[in-house]
>>> print(open('my_file-v9.txt').read())   # compact mmCIF, N, CA and C atoms
# COMPACT_ATOMS: atom_id res chain seq x y z
N MET S 98 230.63 19.88 177.69
CA MET S 98 231.23 19.35 178.89
C MET S 98 230.17 18.63 179.71
N ARG S 99 230.50 17.46 180.14
CA ARG S 99 229.59 16.69 180.99
C ARG S 99 229.77 17.15 182.42
N ASP S 100 228.67 17.45 183.08
CA ASP S 100 228.79 17.89 184.47
C ASP S 100 227.80 17.21 185.40
N ALA S 101 227.06 16.22 184.90
CA ALA S 101 226.14 15.46 185.74
C ALA S 101 226.73 14.08 186.00
N ALA S 102 226.89 13.74 187.25
CA ALA S 102 227.49 12.45 187.61
C ALA S 102 226.43 11.36 187.69
N ILE S 103 226.81 10.18 187.22
CA ILE S 103 225.99 8.97 187.36
C ILE S 103 226.92 7.92 187.94
N ASN S 104 226.61 7.43 189.12
CA ASN S 104 227.47 6.45 189.78
C ASN S 104 226.73 5.13 189.89
N LEU S 105 227.46 4.02 189.72
CA LEU S 105 226.88 2.71 189.93
C LEU S 105 227.96 1.72 190.31
N ARG S 106 227.54 0.65 190.91
CA ARG S 106 228.46 -0.41 191.30
C ARG S 106 228.16 -1.63 190.44
N ALA S 107 229.23 -2.36 190.11
CA ALA S 107 229.08 -3.56 189.28
C ALA S 107 229.99 -4.65 189.82
N HIS S 108 229.68 -5.88 189.46
CA HIS S 108 230.57 -6.99 189.77
C HIS S 108 231.80 -6.87 188.87
N PRO S 109 232.93 -7.36 189.31
CA PRO S 109 234.13 -7.29 188.47
C PRO S 109 233.94 -7.93 187.10
N GLU S 110 233.17 -9.00 187.04
CA GLU S 110 232.92 -9.68 185.76
C GLU S 110 232.13 -8.78 184.82
N GLN S 111 231.18 -8.04 185.37
CA GLN S 111 230.40 -7.12 184.55
C GLN S 111 231.28 -5.99 184.03
N ARG S 112 232.11 -5.45 184.90
CA ARG S 112 233.03 -4.39 184.50
C ARG S 112 233.96 -4.87 183.40
N ASP S 113 234.48 -6.08 183.56
CA ASP S 113 235.40 -6.62 182.57
C ASP S 113 234.71 -6.83 181.23
N LEU S 114 233.48 -7.30 181.26
CA LEU S 114 232.70 -7.49 180.03
C LEU S 114 232.48 -6.16 179.32
N ILE S 115 232.10 -5.16 180.09
CA ILE S 115 231.88 -3.82 179.52
C ILE S 115 233.18 -3.27 178.95
N ASP S 116 234.27 -3.44 179.69
CA ASP S 116 235.56 -2.95 179.21
C ASP S 116 235.98 -3.63 177.92
N GLN S 117 235.75 -4.93 177.83
CA GLN S 117 236.11 -5.67 176.62
C GLN S 117 235.33 -5.16 175.42
N ALA S 118 234.03 -4.97 175.59
CA ALA S 118 233.20 -4.47 174.49
C ALA S 118 233.59 -3.04 174.12
N ALA S 119 233.84 -2.21 175.12
CA ALA S 119 234.24 -0.82 174.86
C ALA S 119 235.54 -0.78 174.08
N MET S 120 236.49 -1.63 174.45
CA MET S 120 237.78 -1.66 173.78
C MET S 120 237.61 -2.04 172.31
N LEU S 121 236.71 -2.98 172.02
CA LEU S 121 236.47 -3.38 170.63
C LEU S 121 235.95 -2.22 169.79
N LEU S 122 235.26 -1.29 170.42
CA LEU S 122 234.72 -0.13 169.72
C LEU S 122 235.60 1.11 169.87
N ASN S 123 236.78 0.92 170.46
CA ASN S 123 237.71 2.04 170.69
C ASN S 123 237.06 3.15 171.51
N LYS S 124 236.35 2.74 172.54
CA LYS S 124 235.70 3.70 173.43
C LYS S 124 236.18 3.44 174.85
N ASN S 125 236.07 4.45 175.69
CA ASN S 125 236.34 4.21 177.10
C ASN S 125 235.06 3.69 177.76
N ARG S 126 235.23 3.20 178.97
CA ARG S 126 234.09 2.60 179.68
C ARG S 126 232.93 3.58 179.82
N SER S 127 233.22 4.80 180.22
CA SER S 127 232.14 5.78 180.43
C SER S 127 231.39 6.08 179.16
N ASP S 128 232.12 6.30 178.07
CA ASP S 128 231.45 6.60 176.80
C ASP S 128 230.60 5.41 176.34
N PHE S 129 231.16 4.20 176.48
CA PHE S 129 230.43 3.00 176.08
C PHE S 129 229.15 2.85 176.90
N MET S 130 229.27 2.99 178.21
CA MET S 130 228.11 2.80 179.09
C MET S 130 227.06 3.88 178.87
N LEU S 131 227.50 5.10 178.69
CA LEU S 131 226.54 6.18 178.47
C LEU S 131 225.80 5.99 177.15
N GLU S 132 226.53 5.60 176.11
CA GLU S 132 225.87 5.36 174.82
C GLU S 132 224.89 4.20 174.91
N ALA S 133 225.31 3.11 175.55
CA ALA S 133 224.43 1.94 175.68
C ALA S 133 223.18 2.28 176.50
N ALA S 134 223.37 3.02 177.59
CA ALA S 134 222.22 3.38 178.43
C ALA S 134 221.27 4.31 177.69
N CYS S 135 221.82 5.26 176.93
CA CYS S 135 220.97 6.19 176.18
C CYS S 135 220.22 5.46 175.06
N ASP S 136 220.89 4.51 174.39
CA ASP S 136 220.21 3.72 173.36
C ASP S 136 219.03 2.96 173.96
N LYS S 137 219.25 2.32 175.10
CA LYS S 137 218.19 1.56 175.75
C LYS S 137 217.07 2.48 176.23
N ALA S 138 217.42 3.62 176.80
CA ALA S 138 216.41 4.56 177.28
C ALA S 138 215.55 5.06 176.12
N GLN S 139 216.19 5.36 175.01
CA GLN S 139 215.44 5.84 173.85
C GLN S 139 214.49 4.75 173.34
N ALA S 140 214.96 3.50 173.30
CA ALA S 140 214.11 2.40 172.85
C ALA S 140 212.90 2.23 173.77
N VAL S 141 213.13 2.31 175.06
CA VAL S 141 212.03 2.18 176.02
C VAL S 141 211.01 3.30 175.81
N LEU S 142 211.50 4.52 175.66
CA LEU S 142 210.58 5.64 175.47
C LEU S 142 209.82 5.54 174.15
N LEU S 143 210.48 5.10 173.10
CA LEU S 143 209.81 4.96 171.81
C LEU S 143 208.75 3.86 171.84
N ASP S 144 208.96 2.85 172.69
CA ASP S 144 207.97 1.78 172.82
C ASP S 144 206.72 2.22 173.57
N GLN S 145 206.76 3.38 174.18
CA GLN S 145 205.66 3.85 174.99
C GLN S 145 204.76 4.83 174.24
N VAL S 146 204.81 4.79 172.93
CA VAL S 146 204.00 5.71 172.13
C VAL S 146 202.52 5.37 172.33
N PHE S 147 201.75 6.39 172.55
CA PHE S 147 200.31 6.24 172.78
C PHE S 147 199.56 7.21 171.89
N PHE S 148 198.53 6.73 171.25
CA PHE S 148 197.66 7.65 170.52
C PHE S 148 196.22 7.23 170.74
N LYS S 149 195.35 8.22 170.70
CA LYS S 149 193.94 7.99 171.00
C LYS S 149 193.11 8.26 169.76
N LEU S 150 192.18 7.34 169.49
CA LEU S 150 191.28 7.49 168.35
C LEU S 150 189.85 7.34 168.80
N ASP S 151 188.96 8.08 168.16
CA ASP S 151 187.54 7.86 168.45
C ASP S 151 187.12 6.55 167.77
N ASP S 152 185.91 6.10 168.00
CA ASP S 152 185.47 4.80 167.49
C ASP S 152 185.58 4.70 165.97
N ALA S 153 185.17 5.73 165.25
CA ALA S 153 185.20 5.71 163.79
C ALA S 153 186.64 5.61 163.27
N LYS S 154 187.52 6.42 163.84
CA LYS S 154 188.93 6.40 163.41
C LYS S 154 189.59 5.08 163.78
N PHE S 155 189.21 4.50 164.93
CA PHE S 155 189.77 3.21 165.32
C PHE S 155 189.34 2.12 164.34
N GLN S 156 188.08 2.14 163.93
CA GLN S 156 187.60 1.16 162.95
C GLN S 156 188.36 1.32 161.62
N GLU S 157 188.57 2.56 161.21
CA GLU S 157 189.32 2.83 159.98
C GLU S 157 190.76 2.33 160.11
N PHE S 158 191.36 2.58 161.26
CA PHE S 158 192.74 2.16 161.52
C PHE S 158 192.86 0.63 161.48
N THR S 159 191.97 -0.07 162.18
CA THR S 159 192.05 -1.54 162.19
C THR S 159 191.74 -2.12 160.81
N ALA S 160 190.86 -1.48 160.05
CA ALA S 160 190.58 -1.96 158.69
C ALA S 160 191.83 -1.85 157.81
N LEU S 161 192.57 -0.78 157.97
CA LEU S 161 193.81 -0.62 157.21
C LEU S 161 194.84 -1.68 157.60
N LEU S 162 194.93 -1.97 158.89
CA LEU S 162 195.88 -2.99 159.36
C LEU S 162 195.51 -4.38 158.86
N GLU S 163 194.21 -4.65 158.76
CA GLU S 163 193.75 -5.98 158.39
C GLU S 163 193.57 -6.14 156.88
N ALA S 164 193.70 -5.08 156.12
CA ALA S 164 193.52 -5.14 154.67
C ALA S 164 194.62 -5.98 154.03
N PRO S 165 194.30 -6.63 152.91
CA PRO S 165 195.33 -7.41 152.21
C PRO S 165 196.49 -6.49 151.80
N ILE S 166 197.66 -7.07 151.79
CA ILE S 166 198.85 -6.32 151.40
C ILE S 166 198.79 -6.00 149.91
N GLN S 167 199.06 -4.76 149.58
CA GLN S 167 199.06 -4.33 148.18
C GLN S 167 200.45 -4.52 147.59
N PRO S 168 200.54 -4.81 146.29
CA PRO S 168 201.85 -4.95 145.66
C PRO S 168 202.66 -3.67 145.83
N ASN S 169 203.96 -3.84 146.06
CA ASN S 169 204.85 -2.71 146.27
C ASN S 169 206.12 -2.97 145.45
N GLU S 170 206.22 -2.33 144.29
CA GLU S 170 207.34 -2.60 143.39
C GLU S 170 208.68 -2.26 144.03
N GLY S 171 208.75 -1.17 144.76
CA GLY S 171 210.00 -0.78 145.41
C GLY S 171 210.46 -1.82 146.42
N LEU S 172 209.53 -2.33 147.22
CA LEU S 172 209.86 -3.35 148.19
C LEU S 172 210.28 -4.64 147.49
N ALA S 173 209.61 -5.01 146.41
CA ALA S 173 209.97 -6.21 145.66
C ALA S 173 211.40 -6.10 145.12
N ARG S 174 211.76 -4.92 144.59
CA ARG S 174 213.13 -4.71 144.09
C ARG S 174 214.14 -4.82 145.23
N LEU S 175 213.82 -4.23 146.36
CA LEU S 175 214.72 -4.28 147.49
C LEU S 175 214.95 -5.71 147.96
N LEU S 176 213.89 -6.48 148.05
CA LEU S 176 214.01 -7.85 148.52
C LEU S 176 214.71 -8.75 147.51
N ALA S 177 214.74 -8.35 146.25
CA ALA S 177 215.41 -9.13 145.22
C ALA S 177 216.92 -8.92 145.21
N VAL S 178 217.41 -7.87 145.87
CA VAL S 178 218.85 -7.59 145.90
C VAL S 178 219.53 -8.56 146.86
N LYS S 179 220.60 -9.17 146.37
CA LYS S 179 221.34 -10.12 147.20
C LYS S 179 222.17 -9.36 148.23
N ALA S 180 222.12 -9.80 149.48
CA ALA S 180 222.88 -9.16 150.55
C ALA S 180 224.36 -9.30 150.27
N PRO S 181 225.14 -8.24 150.44
CA PRO S 181 226.56 -8.30 150.12
C PRO S 181 227.35 -9.29 150.98
N TRP S 182 226.84 -9.65 152.13
CA TRP S 182 227.55 -10.59 152.99
C TRP S 182 227.25 -12.05 152.66
N LYS S 183 226.31 -12.28 151.76
CA LYS S 183 226.01 -13.64 151.33
C LYS S 183 226.89 -14.00 150.16
N THR S 184 227.49 -15.16 150.22
CA THR S 184 228.37 -15.61 149.15
C THR S 184 227.78 -16.83 148.47
N GLY S 185 228.35 -17.19 147.35
CA GLY S 185 227.89 -18.36 146.62
C GLY S 185 226.79 -18.01 145.66
N THR S 186 226.09 -19.04 145.18
CA THR S 186 225.04 -18.84 144.19
C THR S 186 223.71 -18.61 144.83
>>> encode(input="my_file-v9.txt", output="structure tokens")
Amino acid sequence: MRDAAINLRAHPEQRDLIDQAAMLLNKNRSDFMLEAACDKAQAVLLDQVFFKLDDAKFQEFTALLEAPIQPNEGLARLLAVKAPWKTGT
């Protein structure tokens, strides 16, 4: 059960846009807005990842990032598969 209120004001055009998108997903406005806000909040938090390395580990880390790409058979197979939404030859 949800018991924490979140209130906000919007322009009628914004409300209508949200309602239209929610309807396409068979959701009500509150569920749509809460899901969208939580998705955005999670993305923002995940972008804030921080890690600390000493000088030696940092050099090792940057060397790995700058190293030439190694062949990856699994990735090559994946990239060779035609996307199901692409048609034609």
>>> atom_distance(input="my_file-v9.txt", atom1="CA of Phe129 (chain S)", atom2="CA of Asp113 (chain S)")
12.6 Å
>>> closest_residue(input="my_file-v9.txt", among="S:Arg99, S:Lys154, S:His108, S:Arg174", to="Ser127 (chain S)", atoms="only C-alpha atoms")
S:Arg99
>>> select_by_dssp(input="my_file-v9.txt", residues="region 119-186 of chain S", states="alpha helix (DSSP H)", output="VMD selection string")
chain S and resid 119 to 121 126 to 143 152 to 163 170 to 177
>>> atom_distance(input="my_file-v9.txt", atom1="atom N of Leu114 (chain S)", atom2="atom N of Asp128 (chain S)")
14.0 Å
>>> atom_distance(input="my_file-v9.txt", atom1="CA of Ile103 (chain S)", atom2="atom N of Val146 (chain S)")
26.0 Å
>>> closest_residue(input="my_file-v9.txt", among="S:Ala102, S:Asp144, S:Lys149, S:Leu172", to="Leu131 (chain S)", atoms="only C-alpha atoms")
S:Ala102
>>> closest_residue(input="my_file-v9.txt", among="S:Met130, S:Val141, S:Leu162, S:Leu175", to="Ile115 (chain S)", atoms="only C-alpha atoms")
S:Met130
>>> decode(input="my_file-v9.txt", residues="region 137-180 of chain S", atoms="N, CA and C atoms", output="tab-separated table (two decimals), in the first residue's frame")
chain	number	residue	atom	x	y	z
S	137	LYS	N	14.06	7.60	-13.87
S	137	LYS	CA	14.98	8.73	-13.99
S	137	LYS	C	15.86	8.85	-12.75
S	138	ALA	N	15.27	8.69	-11.58
S	138	ALA	CA	16.04	8.78	-10.34
S	138	ALA	C	17.11	7.70	-10.28
S	139	GLN	N	16.75	6.50	-10.69
S	139	GLN	CA	17.72	5.41	-10.68
S	139	GLN	C	18.86	5.70	-11.66
S	140	ALA	N	18.54	6.23	-12.84
S	140	ALA	CA	19.57	6.56	-13.82
S	140	ALA	C	20.52	7.62	-13.28
S	141	VAL	N	19.96	8.63	-12.64
S	141	VAL	CA	20.79	9.70	-12.06
S	141	VAL	C	21.72	9.12	-11.00
S	142	LEU	N	21.18	8.28	-10.13
S	142	LEU	CA	22.01	7.70	-9.07
S	142	LEU	C	23.09	6.78	-9.63
S	143	LEU	N	22.75	6.00	-10.65
S	143	LEU	CA	23.74	5.11	-11.24
S	143	LEU	C	24.85	5.87	-11.95
S	144	ASP	N	24.53	7.07	-12.45
S	144	ASP	CA	25.55	7.90	-13.10
S	144	ASP	C	26.52	8.52	-12.10
S	145	GLN	N	26.22	8.44	-10.83
S	145	GLN	CA	27.04	9.06	-9.81
S	145	GLN	C	28.00	8.08	-9.15
S	146	VAL	N	28.29	6.99	-9.82
S	146	VAL	CA	29.18	5.99	-9.25
S	146	VAL	C	30.59	6.58	-9.14
S	147	PHE	N	31.19	6.38	-8.00
S	147	PHE	CA	32.52	6.90	-7.72
S	147	PHE	C	33.38	5.78	-7.17
S	148	PHE	N	34.59	5.67	-7.66
S	148	PHE	CA	35.52	4.72	-7.06
S	148	PHE	C	36.89	5.37	-7.01
S	149	LYS	N	37.65	4.98	-6.01
S	149	LYS	CA	38.95	5.60	-5.76
S	149	LYS	C	40.04	4.56	-5.96
S	150	LEU	N	41.09	4.96	-6.67
S	150	LEU	CA	42.23	4.08	-6.91
S	150	LEU	C	43.51	4.79	-6.53
S	151	ASP	N	44.46	4.01	-6.02
S	151	ASP	CA	45.78	4.61	-5.77
S	151	ASP	C	46.47	4.79	-7.13
S	152	ASP	N	47.62	5.42	-7.15
S	152	ASP	CA	48.29	5.73	-8.42
S	152	ASP	C	48.58	4.49	-9.25
S	153	ALA	N	49.05	3.43	-8.63
S	153	ALA	CA	49.40	2.20	-9.36
S	153	ALA	C	48.15	1.57	-9.98
S	154	LYS	N	47.09	1.48	-9.20
S	154	LYS	CA	45.84	0.89	-9.72
S	154	LYS	C	45.23	1.76	-10.81
S	155	PHE	N	45.36	3.09	-10.67
S	155	PHE	CA	44.84	3.98	-11.70
S	155	PHE	C	45.60	3.79	-13.01
S	156	GLN	N	46.92	3.66	-12.93
S	156	GLN	CA	47.72	3.41	-14.13
S	156	GLN	C	47.31	2.09	-14.79
S	157	GLU	N	47.09	1.08	-13.97
S	157	GLU	CA	46.66	-0.22	-14.49
S	157	GLU	C	45.28	-0.11	-15.15
S	158	PHE	N	44.39	0.62	-14.51
S	158	PHE	CA	43.04	0.82	-15.03
S	158	PHE	C	43.07	1.55	-16.37
S	159	THR	N	43.82	2.65	-16.46
S	159	THR	CA	43.88	3.40	-17.72
S	159	THR	C	44.57	2.59	-18.81
S	160	ALA	N	45.55	1.77	-18.45
S	160	ALA	CA	46.21	0.92	-19.45
S	160	ALA	C	45.22	-0.08	-20.04
S	161	LEU	N	44.37	-0.63	-19.20
S	161	LEU	CA	43.35	-1.57	-19.69
S	161	LEU	C	42.35	-0.87	-20.61
S	162	LEU	N	41.97	0.35	-20.26
S	162	LEU	CA	41.03	1.10	-21.10
S	162	LEU	C	41.64	1.46	-22.46
S	163	GLU	N	42.94	1.74	-22.46
S	163	GLU	CA	43.61	2.19	-23.68
S	163	GLU	C	44.17	1.04	-24.50
S	164	ALA	N	44.14	-0.18	-23.98
S	164	ALA	CA	44.69	-1.33	-24.69
S	164	ALA	C	43.87	-1.63	-25.95
S	165	PRO	N	44.52	-2.17	-26.97
S	165	PRO	CA	43.77	-2.55	-28.18
S	165	PRO	C	42.67	-3.56	-27.84
S	166	ILE	N	41.61	-3.48	-28.58
S	166	ILE	CA	40.48	-4.39	-28.37
S	166	ILE	C	40.89	-5.80	-28.80
S	167	GLN	N	40.60	-6.76	-27.96
S	167	GLN	CA	40.91	-8.15	-28.25
S	167	GLN	C	39.74	-8.80	-28.99
S	168	PRO	N	40.01	-9.75	-29.87
S	168	PRO	CA	38.92	-10.44	-30.56
S	168	PRO	C	37.98	-11.09	-29.56
S	169	ASN	N	36.68	-11.03	-29.86
S	169	ASN	CA	35.67	-11.59	-28.98
S	169	ASN	C	34.68	-12.36	-29.86
S	170	GLU	N	34.82	-13.68	-29.89
S	170	GLU	CA	33.99	-14.49	-30.78
S	170	GLU	C	32.50	-14.36	-30.46
S	171	GLY	N	32.15	-14.32	-29.19
S	171	GLY	CA	30.75	-14.19	-28.81
S	171	GLY	C	30.15	-12.88	-29.31
S	172	LEU	N	30.89	-11.79	-29.18
S	172	LEU	CA	30.42	-10.50	-29.65
S	172	LEU	C	30.31	-10.50	-31.17
S	173	ALA	N	31.26	-11.11	-31.86
S	173	ALA	CA	31.21	-11.18	-33.32
S	173	ALA	C	29.97	-11.94	-33.78
S	174	ARG	N	29.65	-13.05	-33.10
S	174	ARG	CA	28.43	-13.81	-33.44
S	174	ARG	C	27.18	-12.98	-33.20
S	175	LEU	N	27.15	-12.28	-32.09
S	175	LEU	CA	26.00	-11.45	-31.77
S	175	LEU	C	25.79	-10.36	-32.82
S	176	LEU	N	26.86	-9.71	-33.21
S	176	LEU	CA	26.75	-8.63	-34.19
S	176	LEU	C	26.42	-9.14	-35.58
S	177	ALA	N	26.66	-10.41	-35.85
S	177	ALA	CA	26.35	-10.99	-37.15
S	177	ALA	C	24.88	-11.36	-37.29
S	178	VAL	N	24.15	-11.43	-36.17
S	178	VAL	CA	22.73	-11.80	-36.22
S	178	VAL	C	21.92	-10.61	-36.73
S	179	LYS	N	21.07	-10.89	-37.70
S	179	LYS	CA	20.23	-9.84	-38.27
S	179	LYS	C	19.11	-9.50	-37.30
S	180	ALA	N	18.88	-8.22	-37.07
S	180	ALA	CA	17.82	-7.77	-36.17
S	180	ALA	C	16.47	-8.19	-36.73
